[in-house]
Number of protein chains: 2
Amino acid sequence: MHIGQVAARTGLSLRTIRHYDELGLVRPSARSQGGFRLYTEADVARLMVIRRMKPLGFTLEEMGELLSITDRLDNSSAAALETAEREQLLARLGRFEQATRERCAALRTQLSRAEEFAADLQRRAGQLTAGTS
Amino acid sequence: MHIGQVAARTGLSLRTIRHYDELGLVRPSARSQGGFRLYTEADVARLMVIRRMKPLGFTLEEMGELLSITDRLDNSSAAALETAEREQLLARLGRFEQATRERCAALRTQLSRAEEFAADLQRRAGQLTAGTS
DNA sequence: CTCTACCTTAACGTTAAGGTAGAGATTCGG
DNA sequence: CCGAATCTCTACCTTAACGTTAAGGTAGAG
């Protein structure tokens, strides 16, 4: 799949997708002979992970780290992974999980503050408009 | 009030507060003879407005615009404000109100996506840990 | 005084992304 | 098979909103 269609499906801009490639965050699985980026469904799935994580305020570097952790846990056959490394990966995954929960909570407070602000604004606008009569 | 206390009360960094001063977004009401920024309660209130708006993704410029609109609507005596200008200000305020509602909605979808992501992560971590036994 | 905590400006760095230009690749109608 | 219309490429420039570091000035307690 070409980059344009990936952009349409993920809601990310072409520029952003190229940026993620440059950083090594989500590399296209292949290139056409002419040099066009070619993405697979799995690549799109990785982009969607990023899209969902982003509101939580993780840096691109952190998201790349998480992707590489899950890649290694999923794609290595269980036997091929030394116990020590597996433990370490699971520990890091756990820290991500905790951070995610914390940031979700932070996002909820932000949202409620924002809604409070929206309500204030609406009330004030209403008052001022009413005063016009 | 000095900048440090303002930072403590608003939860903004010193750098951020100075940045807002540099941009003319929230100017300290005075300076000490030695040059320290001196903030009033009203200044802090302005900073809190920004703090609440920020999660909605408004630019600092837009927030400055909103602050100046409400300032003019509040601080000018009703008579001193020409009807035409007042109309214009109210119209702009209305656009802000609409944008705020839209962005609140967007924030809610982002939050739900993030929570979905958090749930996924938790489920996957649980599975992997269980496999360890 | 002098010490300490707090404050100042100035300048450069960072992160994440958008803009632009000019060249090359693909594709589609004829 | 060919030319036009799209699409994509790389490379570089720009922006927003701060963070960081350096080098120092200030307020007030002792």
# chains A, B, ... in the order shown; residues from 1 in each chain; ligands from 1
>>> interface_residues(of="chain A", to="chain C", cutoff="9 Å", atoms="only C-alpha atoms (C1' of nucleotides)", output="VMD selection string")
chain A and resid 15 to 16 19 34 to 36 59 to 60
>>> interface_residues(of="chain A", to="chain B", cutoff="6 Å", atoms="only C-alpha atoms", output="PyMOL selection string")
chain A and resi 52+113-114
>>> interface_residues(of="chain D", to="chain B", cutoff="10 Å", atoms="only C-alpha atoms (C1' of nucleotides)", output="JSON, numbers by chain")
{"D": [16, 17, 18, 19, 25, 26, 27]}
>>> residues_around(residues="A:Ile69", least_positions_apart="3", cutoff="8 Å", atoms="only C-alpha atoms (C1' of nucleotides)", output="list in words")
Glu65, Leu66, Arg72, Leu73, Leu89, Arg92 and Leu93 of chain A
>>> write_last_selection(atoms="N, CA and C atoms", output="mmCIF file, in the first residue's frame")
data_model
loop_
_atom_site.group_PDB
_atom_site.id
_atom_site.type_symbol
_atom_site.label_atom_id
_atom_site.label_comp_id
_atom_site.auth_asym_id
_atom_site.auth_seq_id
_atom_site.Cartn_x
_atom_site.Cartn_y
_atom_site.Cartn_z
ATOM 1 N N GLU A 65 10.077 2.439 21.827
ATOM 2 C CA GLU A 65 10.559 1.449 22.791
ATOM 3 C C GLU A 65 9.471 0.414 23.082
ATOM 4 N N LEU A 66 8.267 0.901 23.310
ATOM 5 C CA LEU A 66 7.174 -0.028 23.589
ATOM 6 C C LEU A 66 6.944 -0.959 22.409
ATOM 7 N N ARG A 72 9.431 -7.969 20.341
ATOM 8 C CA ARG A 72 10.318 -9.040 20.784
ATOM 9 C C ARG A 72 9.577 -10.094 21.584
ATOM 10 N N LEU A 73 8.625 -9.667 22.387
ATOM 11 C CA LEU A 73 7.869 -10.645 23.176
ATOM 12 C C LEU A 73 6.981 -11.506 22.277
ATOM 13 N N LEU A 89 12.077 -7.607 29.773
ATOM 14 C CA LEU A 89 11.074 -7.050 28.866
ATOM 15 C C LEU A 89 9.729 -6.926 29.563
ATOM 16 N N ARG A 92 9.747 -3.974 31.879
ATOM 17 C CA ARG A 92 9.585 -2.696 31.175
ATOM 18 C C ARG A 92 8.149 -2.504 30.697
ATOM 19 N N LEU A 93 7.567 -3.621 30.239
ATOM 20 C CA LEU A 93 6.173 -3.559 29.798
ATOM 21 C C LEU A 93 5.277 -3.141 30.966
#
>>> select_by_dssp(residues="chain A", states="strand (DSSP E)", output="list in words")
Ala30, Arg31, Arg37 and Leu38 of chain A
>>> atom_distance(atom1="atom CA of A:Gly11", atom2="atom CA of B:Arg123")
26.0 Å
>>> select_by_dssp(residues="stretch 1-50 of chain A", states="alpha helix (DSSP H)", output="ChimeraX atom specification")
/A:3-10,14-22,41-50
>>> residues_around(residues="B:Arg27", least_positions_apart="5", cutoff="9 Å", atoms="only C-alpha atoms (C1' of nucleotides)", output="number ranges by chain")
B: 18, 20-22, 37, 39, 43
>>> atom_distance(atom1="atom CA of B:His2", atom2="atom CA of A:Ala106")
27.6 Å
>>> residues_around(residues="stretch 40-42 of chain A", least_positions_apart="6", cutoff="9 Å", atoms="only C-alpha atoms (C1' of nucleotides)", output="count of residues only")
4
>>> decode(residues="stretch 6-127 of chain B", atoms="C-alpha atoms", output="PDB file, in the first residue's frame")
ATOM      1  CA  VAL B   6       2.772  31.803  40.965  1.00  0.00           C
ATOM      2  CA  ALA B   7       4.368  28.672  39.543  1.00  0.00           C
ATOM      3  CA  ALA B   8       3.519  26.735  42.680  1.00  0.00           C
ATOM      4  CA  ARG B   9      -0.083  27.882  42.578  1.00  0.00           C
ATOM      5  CA  THR B  10      -0.702  27.391  38.873  1.00  0.00           C
ATOM      6  CA  GLY B  11       1.360  24.284  38.307  1.00  0.00           C
ATOM      7  CA  LEU B  12       3.135  25.997  35.408  1.00  0.00           C
ATOM      8  CA  SER B  13       6.923  26.093  35.187  1.00  0.00           C
ATOM      9  CA  LEU B  14       8.885  29.283  35.750  1.00  0.00           C
ATOM     10  CA  ARG B  15      10.040  29.092  32.174  1.00  0.00           C
ATOM     11  CA  THR B  16       6.508  28.783  30.900  1.00  0.00           C
ATOM     12  CA  ILE B  17       5.321  31.786  32.894  1.00  0.00           C
ATOM     13  CA  ARG B  18       8.233  33.865  31.626  1.00  0.00           C
ATOM     14  CA  HIS B  19       7.490  32.670  28.128  1.00  0.00           C
ATOM     15  CA  TYR B  20       3.920  33.902  28.418  1.00  0.00           C
ATOM     16  CA  ASP B  21       5.246  37.232  29.592  1.00  0.00           C
ATOM     17  CA  GLU B  22       7.634  37.447  26.653  1.00  0.00           C
ATOM     18  CA  LEU B  23       4.779  36.765  24.260  1.00  0.00           C
ATOM     19  CA  GLY B  24       2.616  39.366  25.970  1.00  0.00           C
ATOM     20  CA  LEU B  25       0.079  36.699  26.877  1.00  0.00           C
ATOM     21  CA  VAL B  26       0.139  37.262  30.622  1.00  0.00           C
ATOM     22  CA  ARG B  27       2.179  40.233  31.726  1.00  0.00           C
ATOM     23  CA  PRO B  28       3.002  40.680  35.398  1.00  0.00           C
ATOM     24  CA  SER B  29       1.087  43.679  36.713  1.00  0.00           C
ATOM     25  CA  ALA B  30       4.294  45.175  38.095  1.00  0.00           C
ATOM     26  CA  ARG B  31       7.978  44.738  38.709  1.00  0.00           C
ATOM     27  CA  SER B  32       9.888  45.218  41.933  1.00  0.00           C
ATOM     28  CA  GLN B  33      12.517  47.954  41.914  1.00  0.00           C
ATOM     29  CA  GLY B  34      15.047  45.171  41.450  1.00  0.00           C
ATOM     30  CA  GLY B  35      13.261  43.855  38.392  1.00  0.00           C
ATOM     31  CA  PHE B  36      11.334  40.879  39.805  1.00  0.00           C
ATOM     32  CA  ARG B  37       8.028  40.082  38.165  1.00  0.00           C
ATOM     33  CA  LEU B  38       5.130  40.834  40.510  1.00  0.00           C
ATOM     34  CA  TYR B  39       1.822  39.068  39.847  1.00  0.00           C
ATOM     35  CA  THR B  40      -1.631  39.832  41.197  1.00  0.00           C
ATOM     36  CA  GLU B  41      -4.528  37.476  41.810  1.00  0.00           C
ATOM     37  CA  ALA B  42      -6.005  38.579  38.509  1.00  0.00           C
ATOM     38  CA  ASP B  43      -2.806  37.611  36.728  1.00  0.00           C
ATOM     39  CA  VAL B  44      -2.955  34.191  38.322  1.00  0.00           C
ATOM     40  CA  ALA B  45      -6.544  33.867  37.177  1.00  0.00           C
ATOM     41  CA  ARG B  46      -5.446  34.578  33.602  1.00  0.00           C
ATOM     42  CA  LEU B  47      -2.807  31.909  33.878  1.00  0.00           C
ATOM     43  CA  MET B  48      -5.402  29.461  35.141  1.00  0.00           C
ATOM     44  CA  VAL B  49      -7.574  30.197  32.128  1.00  0.00           C
ATOM     45  CA  ILE B  50      -4.670  29.230  29.914  1.00  0.00           C
ATOM     46  CA  ARG B  51      -3.977  26.132  31.942  1.00  0.00           C
ATOM     47  CA  ARG B  52      -7.509  24.965  31.442  1.00  0.00           C
ATOM     48  CA  MET B  53      -7.625  25.794  27.753  1.00  0.00           C
ATOM     49  CA  LYS B  54      -4.320  24.209  26.869  1.00  0.00           C
ATOM     50  CA  PRO B  55      -5.468  20.586  26.813  1.00  0.00           C
ATOM     51  CA  LEU B  56      -7.913  21.657  24.124  1.00  0.00           C
ATOM     52  CA  GLY B  57      -5.013  22.332  21.812  1.00  0.00           C
ATOM     53  CA  PHE B  58      -5.490  26.043  21.289  1.00  0.00           C
ATOM     54  CA  THR B  59      -2.335  27.905  20.343  1.00  0.00           C
ATOM     55  CA  LEU B  60      -0.989  30.531  22.708  1.00  0.00           C
ATOM     56  CA  GLU B  61      -1.945  33.126  20.139  1.00  0.00           C
ATOM     57  CA  GLU B  62      -5.556  31.958  20.134  1.00  0.00           C
ATOM     58  CA  MET B  63      -5.682  31.972  23.917  1.00  0.00           C
ATOM     59  CA  GLY B  64      -4.292  35.489  23.924  1.00  0.00           C
ATOM     60  CA  GLU B  65      -7.020  36.500  21.533  1.00  0.00           C
ATOM     61  CA  LEU B  66      -9.706  35.012  23.744  1.00  0.00           C
ATOM     62  CA  LEU B  67      -8.289  36.740  26.809  1.00  0.00           C
ATOM     63  CA  SER B  68      -8.284  40.067  25.031  1.00  0.00           C
ATOM     64  CA  ILE B  69     -11.859  39.562  23.880  1.00  0.00           C
ATOM     65  CA  THR B  70     -13.148  38.830  27.359  1.00  0.00           C
ATOM     66  CA  ASP B  71     -11.049  41.654  28.773  1.00  0.00           C
ATOM     67  CA  ARG B  72     -12.637  44.127  26.437  1.00  0.00           C
ATOM     68  CA  LEU B  73     -16.130  42.822  26.999  1.00  0.00           C
ATOM     69  CA  ASP B  74     -15.711  42.866  30.784  1.00  0.00           C
ATOM     70  CA  ASN B  75     -13.645  45.956  31.383  1.00  0.00           C
ATOM     71  CA  SER B  76     -15.186  48.456  29.043  1.00  0.00           C
ATOM     72  CA  SER B  77     -18.225  50.080  30.460  1.00  0.00           C
ATOM     73  CA  ALA B  78     -21.204  49.016  28.410  1.00  0.00           C
ATOM     74  CA  ALA B  79     -21.719  52.494  27.044  1.00  0.00           C
ATOM     75  CA  ALA B  80     -18.111  53.010  26.026  1.00  0.00           C
ATOM     76  CA  LEU B  81     -18.252  50.077  23.673  1.00  0.00           C
ATOM     77  CA  GLU B  82     -19.643  50.805  20.253  1.00  0.00           C
ATOM     78  CA  THR B  83     -22.385  48.446  19.236  1.00  0.00           C
ATOM     79  CA  ALA B  84     -20.541  47.346  16.116  1.00  0.00           C
ATOM     80  CA  GLU B  85     -17.421  46.401  17.996  1.00  0.00           C
ATOM     81  CA  ARG B  86     -19.400  44.695  20.684  1.00  0.00           C
ATOM     82  CA  GLU B  87     -21.189  42.628  18.055  1.00  0.00           C
ATOM     83  CA  GLN B  88     -17.894  41.655  16.530  1.00  0.00           C
ATOM     84  CA  LEU B  89     -16.439  40.640  19.861  1.00  0.00           C
ATOM     85  CA  LEU B  90     -19.480  38.575  20.675  1.00  0.00           C
ATOM     86  CA  ALA B  91     -19.257  36.852  17.314  1.00  0.00           C
ATOM     87  CA  ARG B  92     -15.644  35.945  17.897  1.00  0.00           C
ATOM     88  CA  LEU B  93     -16.502  34.735  21.364  1.00  0.00           C
ATOM     89  CA  GLY B  94     -19.167  32.529  19.859  1.00  0.00           C
ATOM     90  CA  ARG B  95     -16.676  30.990  17.469  1.00  0.00           C
ATOM     91  CA  PHE B  96     -14.404  30.227  20.402  1.00  0.00           C
ATOM     92  CA  GLU B  97     -17.278  28.660  22.229  1.00  0.00           C
ATOM     93  CA  GLN B  98     -18.031  26.402  19.289  1.00  0.00           C
ATOM     94  CA  ALA B  99     -14.384  25.474  18.826  1.00  0.00           C
ATOM     95  CA  THR B 100     -14.190  24.653  22.515  1.00  0.00           C
ATOM     96  CA  ARG B 101     -17.131  22.303  22.286  1.00  0.00           C
ATOM     97  CA  GLU B 102     -15.654  20.584  19.240  1.00  0.00           C
ATOM     98  CA  ARG B 103     -12.311  20.139  20.880  1.00  0.00           C
ATOM     99  CA  CYS B 104     -13.870  18.796  24.034  1.00  0.00           C
ATOM    100  CA  ALA B 105     -15.555  16.186  21.895  1.00  0.00           C
ATOM    101  CA  ALA B 106     -12.267  15.371  20.179  1.00  0.00           C
ATOM    102  CA  LEU B 107     -10.587  15.078  23.556  1.00  0.00           C
ATOM    103  CA  ARG B 108     -13.247  12.656  24.703  1.00  0.00           C
ATOM    104  CA  THR B 109     -12.661  10.375  21.711  1.00  0.00           C
ATOM    105  CA  GLN B 110      -8.932  10.572  22.305  1.00  0.00           C
ATOM    106  CA  LEU B 111      -9.450   9.613  25.905  1.00  0.00           C
ATOM    107  CA  SER B 112     -11.591   6.658  25.013  1.00  0.00           C
ATOM    108  CA  ARG B 113      -9.047   5.487  22.448  1.00  0.00           C
ATOM    109  CA  ALA B 114      -6.333   5.824  25.054  1.00  0.00           C
ATOM    110  CA  GLU B 115      -8.336   3.847  27.578  1.00  0.00           C
ATOM    111  CA  GLU B 116      -8.928   1.174  24.998  1.00  0.00           C
ATOM    112  CA  PHE B 117      -5.191   1.095  24.447  1.00  0.00           C
ATOM    113  CA  ALA B 118      -4.575   0.848  28.184  1.00  0.00           C
ATOM    114  CA  ALA B 119      -6.971  -2.075  28.432  1.00  0.00           C
ATOM    115  CA  ASP B 120      -5.235  -3.843  25.535  1.00  0.00           C
ATOM    116  CA  LEU B 121      -1.886  -3.332  27.163  1.00  0.00           C
ATOM    117  CA  GLN B 122      -3.071  -4.664  30.480  1.00  0.00           C
ATOM    118  CA  ARG B 123      -4.620  -7.728  28.869  1.00  0.00           C
ATOM    119  CA  ARG B 124      -1.473  -8.495  26.887  1.00  0.00           C
ATOM    120  CA  ALA B 125       0.811  -7.997  29.868  1.00  0.00           C
ATOM    121  CA  GLY B 126      -1.385 -10.305  31.922  1.00  0.00           C
ATOM    122  CA  GLN B 127      -1.275 -13.019  29.274  1.00  0.00           C
TER     123      GLN B 127
END
